[in-house]
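Participant: Supplied in structure tokens, the structure appears directly below.
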Amino acid sequence: MVKQINLNAINLIIFDLDDTLVKLSIDYAKLRKKLSNFVKKQYGIRNEFKPLLGSINNVAILTNKKGISKEKSKRDMFNIVKNAELDGAKKSSLMPYAKETIQFFKRKGMKIAIVSRNSNKAVKIALQKHKLPYNLIIGFENTKRTKPFPDAIRLAIRKLHAKPKNSLIIGDHPYDIIAGKKAKTAIIGIASGKYTTKDLKKAGADYTFISLNKMRGLLGKR
């Protein structure tokens, strides 16, 4: 029998976006290639952009050593990423049971934060397209470090006047789980992306499910 989460102790739900609530239509291989070609042509730097955001910071440091403004090179690279994300958000599809899950929590009087490694604008476009309610968006622009660091999670908790012990994170990526552990929140891993329940358990999730729909039993009847 699955242990029940005491929702009476939770007042903030922190969702990841991509592959948790929506599926952004982004060809990441194409995006990485575009970035790689750009920095090779502009700065004479070779990089495969794996991982994506971490590589942008690394390339920016290298451009600074070449006498090129770190801020400018980073801004140019992020603009390429943002354009791809905006297009992907406009073409995004809703993950199964995403709207019902958020509505369930809203009926319980809980606040909803979306903490994503995507840009604020892309997140907002996707949420508005699918009419998903929220109280706060934290995108990659809002903190110096993104998931798996806990900075964005802690910022969401602080802005919505909650506490880690009263917060629950729901995400599909080990980075979501690791960030939640560091922030000391409750964590549910949803294996709706490319990672399995085994991967999410290994990362430290308190509970794991193959979909948001399968999570219903843990949360109790509506």
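Chains: A, B, ... in order of the structure tokens. Residues: from 1 per chain. Ligands: from 1, in order shown.
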Mind dumping a table of every range 51-124 of chain A residue within 10 Å of range 172-186 of chain A, with the nearest atom pair and its distance in Å to one decimal, using only C-alpha atoms, sorted by chain and rising number, as CSV?
Facilitator:
```
residue,atom,partner,partner_atom,distance
A:Val115,CA,A:Asp176,CA,9.1
A:Ser116,CA,A:Asp176,CA,9.1
A:Arg117,CA,A:Tyr175,CA,9.9
```
Participant: Considering only C-alpha atoms, tabulate each residue of range 56-103 of chain A that lies at most 12 Å from range 141-150 of chain A along with its nearest interatomic pair and the corresponding distance in Å to one decimal; arrange the rows by chain and ascending residue number and present them as JSON lines.
Facilitator:
```
{"residue": "A:Asn57", "atom": "CA", "partner": "A:Lys144", "partner_atom": "CA", "distance": 10.2}
{"residue": "A:Lys74", "atom": "CA", "partner": "A:Glu141", "partner_atom": "CA", "distance": 11.7}
{"residue": "A:Arg75", "atom": "CA", "partner": "A:Glu141", "partner_atom": "CA", "distance": 10.8}
{"residue": "A:Phe78", "atom": "CA", "partner": "A:Glu141", "partner_atom": "CA", "distance": 9.7}
{"residue": "A:Asn79", "atom": "CA", "partner": "A:Glu141", "partner_atom": "CA", "distance": 11.7}
{"residue": "A:Lys82", "atom": "CA", "partner": "A:Glu141", "partner_atom": "CA", "distance": 10.7}
```
Participant: Store the residues picked out above in a file with N, CA and C atoms, as a PDB file, in the first residue's frame.
Facilitator:
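Saved result, again-v2.pdb, follows:
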```pdb
ATOM      1  N   ASN A  57      27.596  28.981 -20.249  1.00  0.00           N
ATOM      2  CA  ASN A  57      28.436  29.665 -19.258  1.00  0.00           C
ATOM      3  C   ASN A  57      29.920  29.423 -19.528  1.00  0.00           C
ATOM      4  N   LYS A  74      27.134  35.758 -23.833  1.00  0.00           N
ATOM      5  CA  LYS A  74      26.105  34.966 -23.158  1.00  0.00           C
ATOM      6  C   LYS A  74      24.712  35.391 -23.630  1.00  0.00           C
ATOM      7  N   ARG A  75      24.516  36.701 -23.767  1.00  0.00           N
ATOM      8  CA  ARG A  75      23.227  37.215 -24.235  1.00  0.00           C
ATOM      9  C   ARG A  75      22.921  36.732 -25.649  1.00  0.00           C
ATOM     10  N   PHE A  78      22.000  33.008 -25.418  1.00  0.00           N
ATOM     11  CA  PHE A  78      20.693  32.827 -24.804  1.00  0.00           C
ATOM     12  C   PHE A  78      19.565  33.276 -25.738  1.00  0.00           C
ATOM     13  N   ASN A  79      19.819  34.262 -26.566  1.00  0.00           N
ATOM     14  CA  ASN A  79      18.800  34.686 -27.535  1.00  0.00           C
ATOM     15  C   ASN A  79      18.470  33.568 -28.515  1.00  0.00           C
ATOM     16  N   LYS A  82      16.375  31.135 -26.468  1.00  0.00           N
ATOM     17  CA  LYS A  82      15.038  31.676 -26.209  1.00  0.00           C
ATOM     18  C   LYS A  82      14.152  31.596 -27.445  1.00  0.00           C
TER      19      LYS A  82
END
```
Participant: At most 12 Å is the cut-off: for each residue in range 107-173 of chain A with any atom that close to an atom of range 17-37 of chain A, write down the nearest atom pair and the distance in Å rounded to one decimal, counting only C-alpha atoms, chain first then increasing number, as a tab-separated table.
Facilitator:
```
residue	atom	partner	partner_atom	distance
A:Ile112	CA	A:Leu17	CA	11.8
A:Ala113	CA	A:Leu17	CA	10.0
A:Ile114	CA	A:Leu17	CA	6.5
A:Val115	CA	A:Leu17	CA	7.1
A:Ser116	CA	A:Leu17	CA	5.8
A:Arg117	CA	A:Leu17	CA	8.5
A:Asn118	CA	A:Leu17	CA	8.2
A:Ser119	CA	A:Leu17	CA	10.8
A:Asn120	CA	A:Leu17	CA	10.9
A:Ala122	CA	A:Leu24	CA	9.2
A:Val123	CA	A:Leu17	CA	7.3
A:Lys124	CA	A:Leu17	CA	10.2
A:Ile125	CA	A:Leu24	CA	10.7
A:Ala126	CA	A:Val22	CA	7.4
A:Leu127	CA	A:Val22	CA	8.3
A:Gln128	CA	A:Val22	CA	11.3
A:Lys129	CA	A:Val22	CA	10.2
A:His130	CA	A:Val22	CA	8.5
A:Lys131	CA	A:Val22	CA	11.3
A:Leu132	CA	A:Leu21	CA	8.9
A:Pro133	CA	A:Leu21	CA	11.5
A:Tyr134	CA	A:Leu17	CA	11.6
A:Ile137	CA	A:Leu17	CA	10.0
A:Ile138	CA	A:Leu17	CA	10.5
A:Gly139	CA	A:Leu17	CA	10.0
A:Ile169	CA	A:Thr20	CA	11.1
A:Ile170	CA	A:Thr20	CA	7.7
A:Gly171	CA	A:Thr20	CA	5.7
A:Asp172	CA	A:Thr20	CA	5.7
A:His173	CA	A:Asp19	CA	8.6
```
Participant: For range 40-43 of chain A, find every residue with an atom within 12 Å (counting only C-alpha atoms), except residues of its own chain fewer than 4 positions away, and show them as a VMD selection string.
Facilitator: chain A and resid 33 to 36 47 to 49 59 to 70 72 to 74 76 to 77
Participant: Let me see the file: selected residues, C-alpha atoms, as a PDB file, in the first residue's frame.
Facilitator:
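The resulting file, again_15.pdb, is reproduced below:
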```pdb
ATOM      1  CA  LYS A  33      24.168  22.455 -33.681  1.00  0.00           C
ATOM      2  CA  LYS A  34      22.991  26.017 -34.244  1.00  0.00           C
ATOM      3  CA  LEU A  35      24.765  27.203 -31.100  1.00  0.00           C
ATOM      4  CA  SER A  36      27.884  25.243 -32.008  1.00  0.00           C
ATOM      5  CA  ASN A  47      31.635  23.334 -28.206  1.00  0.00           C
ATOM      6  CA  GLU A  48      28.917  20.668 -28.541  1.00  0.00           C
ATOM      7  CA  PHE A  49      26.669  22.330 -25.913  1.00  0.00           C
ATOM      8  CA  VAL A  59      31.775  29.424 -23.644  1.00  0.00           C
ATOM      9  CA  ALA A  60      31.092  32.868 -22.171  1.00  0.00           C
ATOM     10  CA  ILE A  61      34.129  32.456 -19.911  1.00  0.00           C
ATOM     11  CA  LEU A  62      36.259  31.510 -22.923  1.00  0.00           C
ATOM     12  CA  THR A  63      35.058  34.520 -24.917  1.00  0.00           C
ATOM     13  CA  ASN A  64      35.987  36.766 -22.011  1.00  0.00           C
ATOM     14  CA  LYS A  65      39.547  35.448 -22.205  1.00  0.00           C
ATOM     15  CA  LYS A  66      39.550  36.445 -25.867  1.00  0.00           C
ATOM     16  CA  GLY A  67      38.662  40.004 -24.917  1.00  0.00           C
ATOM     17  CA  ILE A  68      34.989  39.644 -25.851  1.00  0.00           C
ATOM     18  CA  SER A  69      32.373  40.751 -23.339  1.00  0.00           C
ATOM     19  CA  LYS A  70      31.162  37.749 -21.358  1.00  0.00           C
ATOM     20  CA  LYS A  72      27.366  40.029 -24.654  1.00  0.00           C
ATOM     21  CA  SER A  73      28.375  36.529 -25.758  1.00  0.00           C
ATOM     22  CA  LYS A  74      26.105  34.966 -23.158  1.00  0.00           C
ATOM     23  CA  ASP A  76      23.742  36.271 -27.899  1.00  0.00           C
ATOM     24  CA  MET A  77      23.710  32.556 -27.086  1.00  0.00           C
TER      25      MET A  77
END
```
Participant: What residues in range 118-186 of chain A get the DSSP label strand (DSSP E or B)? Please answer as a list in words.
Facilitator: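 Output for range 118-186 of chain A, strand (DSSP E or B) only: Leu136, Ile137, Ile138, Ser167, Leu168, Ile169, Ile170, Gly171 and Ala186 of chain A.
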Participant: Let me see the file: selected residues, N, CA and C atoms, as a PDB file, in the first residue's frame.
Facilitator:
```
ATOM      1  N   LEU A 136       3.328  31.703  -9.787  1.00  0.00           N
ATOM      2  CA  LEU A 136       4.680  32.216  -9.962  1.00  0.00           C
ATOM      3  C   LEU A 136       5.432  31.391 -11.002  1.00  0.00           C
ATOM      4  N   ILE A 137       6.241  32.088 -11.799  1.00  0.00           N
ATOM      5  CA  ILE A 137       7.144  31.434 -12.748  1.00  0.00           C
ATOM      6  C   ILE A 137       8.577  31.810 -12.377  1.00  0.00           C
ATOM      7  N   ILE A 138       9.432  30.817 -12.276  1.00  0.00           N
ATOM      8  CA  ILE A 138      10.867  31.048 -12.095  1.00  0.00           C
ATOM      9  C   ILE A 138      11.569  30.376 -13.273  1.00  0.00           C
ATOM     10  N   SER A 167       6.372  22.362   1.259  1.00  0.00           N
ATOM     11  CA  SER A 167       6.431  22.440  -0.207  1.00  0.00           C
ATOM     12  C   SER A 167       6.642  21.064  -0.828  1.00  0.00           C
ATOM     13  N   LEU A 168       6.075  20.879  -2.008  1.00  0.00           N
ATOM     14  CA  LEU A 168       6.183  19.617  -2.735  1.00  0.00           C
ATOM     15  C   LEU A 168       6.624  19.894  -4.161  1.00  0.00           C
ATOM     16  N   ILE A 169       7.684  19.218  -4.599  1.00  0.00           N
ATOM     17  CA  ILE A 169       8.179  19.361  -5.964  1.00  0.00           C
ATOM     18  C   ILE A 169       7.727  18.172  -6.798  1.00  0.00           C
ATOM     19  N   ILE A 170       7.277  18.452  -8.024  1.00  0.00           N
ATOM     20  CA  ILE A 170       6.878  17.407  -8.968  1.00  0.00           C
ATOM     21  C   ILE A 170       7.629  17.642 -10.270  1.00  0.00           C
ATOM     22  N   GLY A 171       8.446  16.662 -10.680  1.00  0.00           N
ATOM     23  CA  GLY A 171       9.224  16.815 -11.909  1.00  0.00           C
ATOM     24  C   GLY A 171       9.627  15.491 -12.516  1.00  0.00           C
ATOM     25  N   ALA A 186       9.453  17.956  -0.022  1.00  0.00           N
ATOM     26  CA  ALA A 186       8.947  16.647  -0.439  1.00  0.00           C
ATOM     27  C   ALA A 186       9.074  16.576  -1.962  1.00  0.00           C
TER      28      ALA A 186
END
```
Participant: So that I can check the secondary structure, give me every residue of range 119-165 of chain A assigned helix (DSSP H, G or I) by backbone DSSP, as a list in words.
Facilitator: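 Taking range 119-165 of chain A and keeping helix (DSSP H, G or I) only, one gets Asn120, Lys121, Ala122, Val123, Lys124, Ile125, Ala126, Leu127, Gln128, Lys129, Phe140, Glu141, Asn142, Asp151, Ala152, Ile153, Arg154, Leu155, Ala156, Ile157, Arg158, Lys159, Pro164 and Lys165 of chain A.
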Participant: Those residues you just picked out, can you put them in a file as a compact mmCIF listing (two decimals), in the first residue's frame with C-alpha atoms?
Facilitator:
```txt
# COMPACT_ATOMS: atom_id res chain seq x y z
CA ASN A 120 10.21 32.91 -18.41
CA LYS A 121 8.55 33.96 -21.65
CA ALA A 122 8.50 30.43 -23.06
CA VAL A 123 7.04 29.06 -19.83
CA LYS A 124 4.35 31.76 -19.78
CA ILE A 125 3.40 31.12 -23.42
CA ALA A 126 3.04 27.38 -22.79
CA LEU A 127 0.97 27.86 -19.63
CA GLN A 128 -1.32 30.39 -21.29
CA LYS A 129 -1.74 28.24 -24.38
CA PHE A 140 16.54 30.37 -15.98
CA GLU A 141 16.93 34.16 -15.99
CA ASN A 142 15.90 34.50 -12.35
CA ASP A 151 18.50 28.31 -5.89
CA ALA A 152 15.34 28.52 -8.04
CA ILE A 153 13.39 26.26 -5.69
CA ARG A 154 14.40 28.35 -2.69
CA LEU A 155 13.49 31.55 -4.53
CA ALA A 156 10.01 30.21 -5.32
CA ILE A 157 9.49 29.18 -1.69
CA ARG A 158 10.63 32.59 -0.47
CA LYS A 159 8.54 34.59 -2.95
CA PRO A 164 10.52 23.82 2.52
CA LYS A 165 8.69 21.40 4.83
```
Participant: Taking into account only C-alpha atoms, which residue in the set A:Leu12, A:Ala89, A:Ile5, A:Ile187 is nearest to Phe105 in chain A?
Facilitator: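 Smallest separation from Phe105 in chain A among the options: A:Leu12.
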Participant: Measuring atom to atom with only C-alpha atoms, identify which of A:Met95, A:Ile56, A:Met110, A:Ile45 is nearest to Leu7 in chain A.
Facilitator: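 Selected residue with least distance to Leu7 in chain A: A:Met110.
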Participant: By how many Å are CA of Met215 in chain A and CA of Lys163 in chain A apart?
Facilitator: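 If I compute the distance from CA of Met215 in chain A to CA of Lys163 in chain A, I get 23.0 Å.
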Participant: What's the 6 Å shell around range 198-211 of chain A, counting only C-alpha atoms, without same-chain residues fewer than 2 positions away, as a list of chain:residue names?
Facilitator: A:Pro174, A:Ile177, A:Ile187, A:Ile188, A:Gly189, A:Ile190, A:Ala191, A:Ser192, A:Tyr195, A:Thr196, A:Asn213, A:Lys214
Participant: In Å to one decimal, how far is CA of Leu86 in chain A from CA of Glu100 in chain A?
Facilitator: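 About the pair CA of Glu100 in chain A and CA of Leu86 in chain A: they are 24.6 Å apart.
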Participant: As an exercise, work out the distance from CA of Glu85 in chain A to CA of Phe104 in chain A in Å and give it to one decimal place.
Facilitator: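 Straight-line distance from CA of Glu85 in chain A to CA of Phe104 in chain A works out to 28.0 Å.
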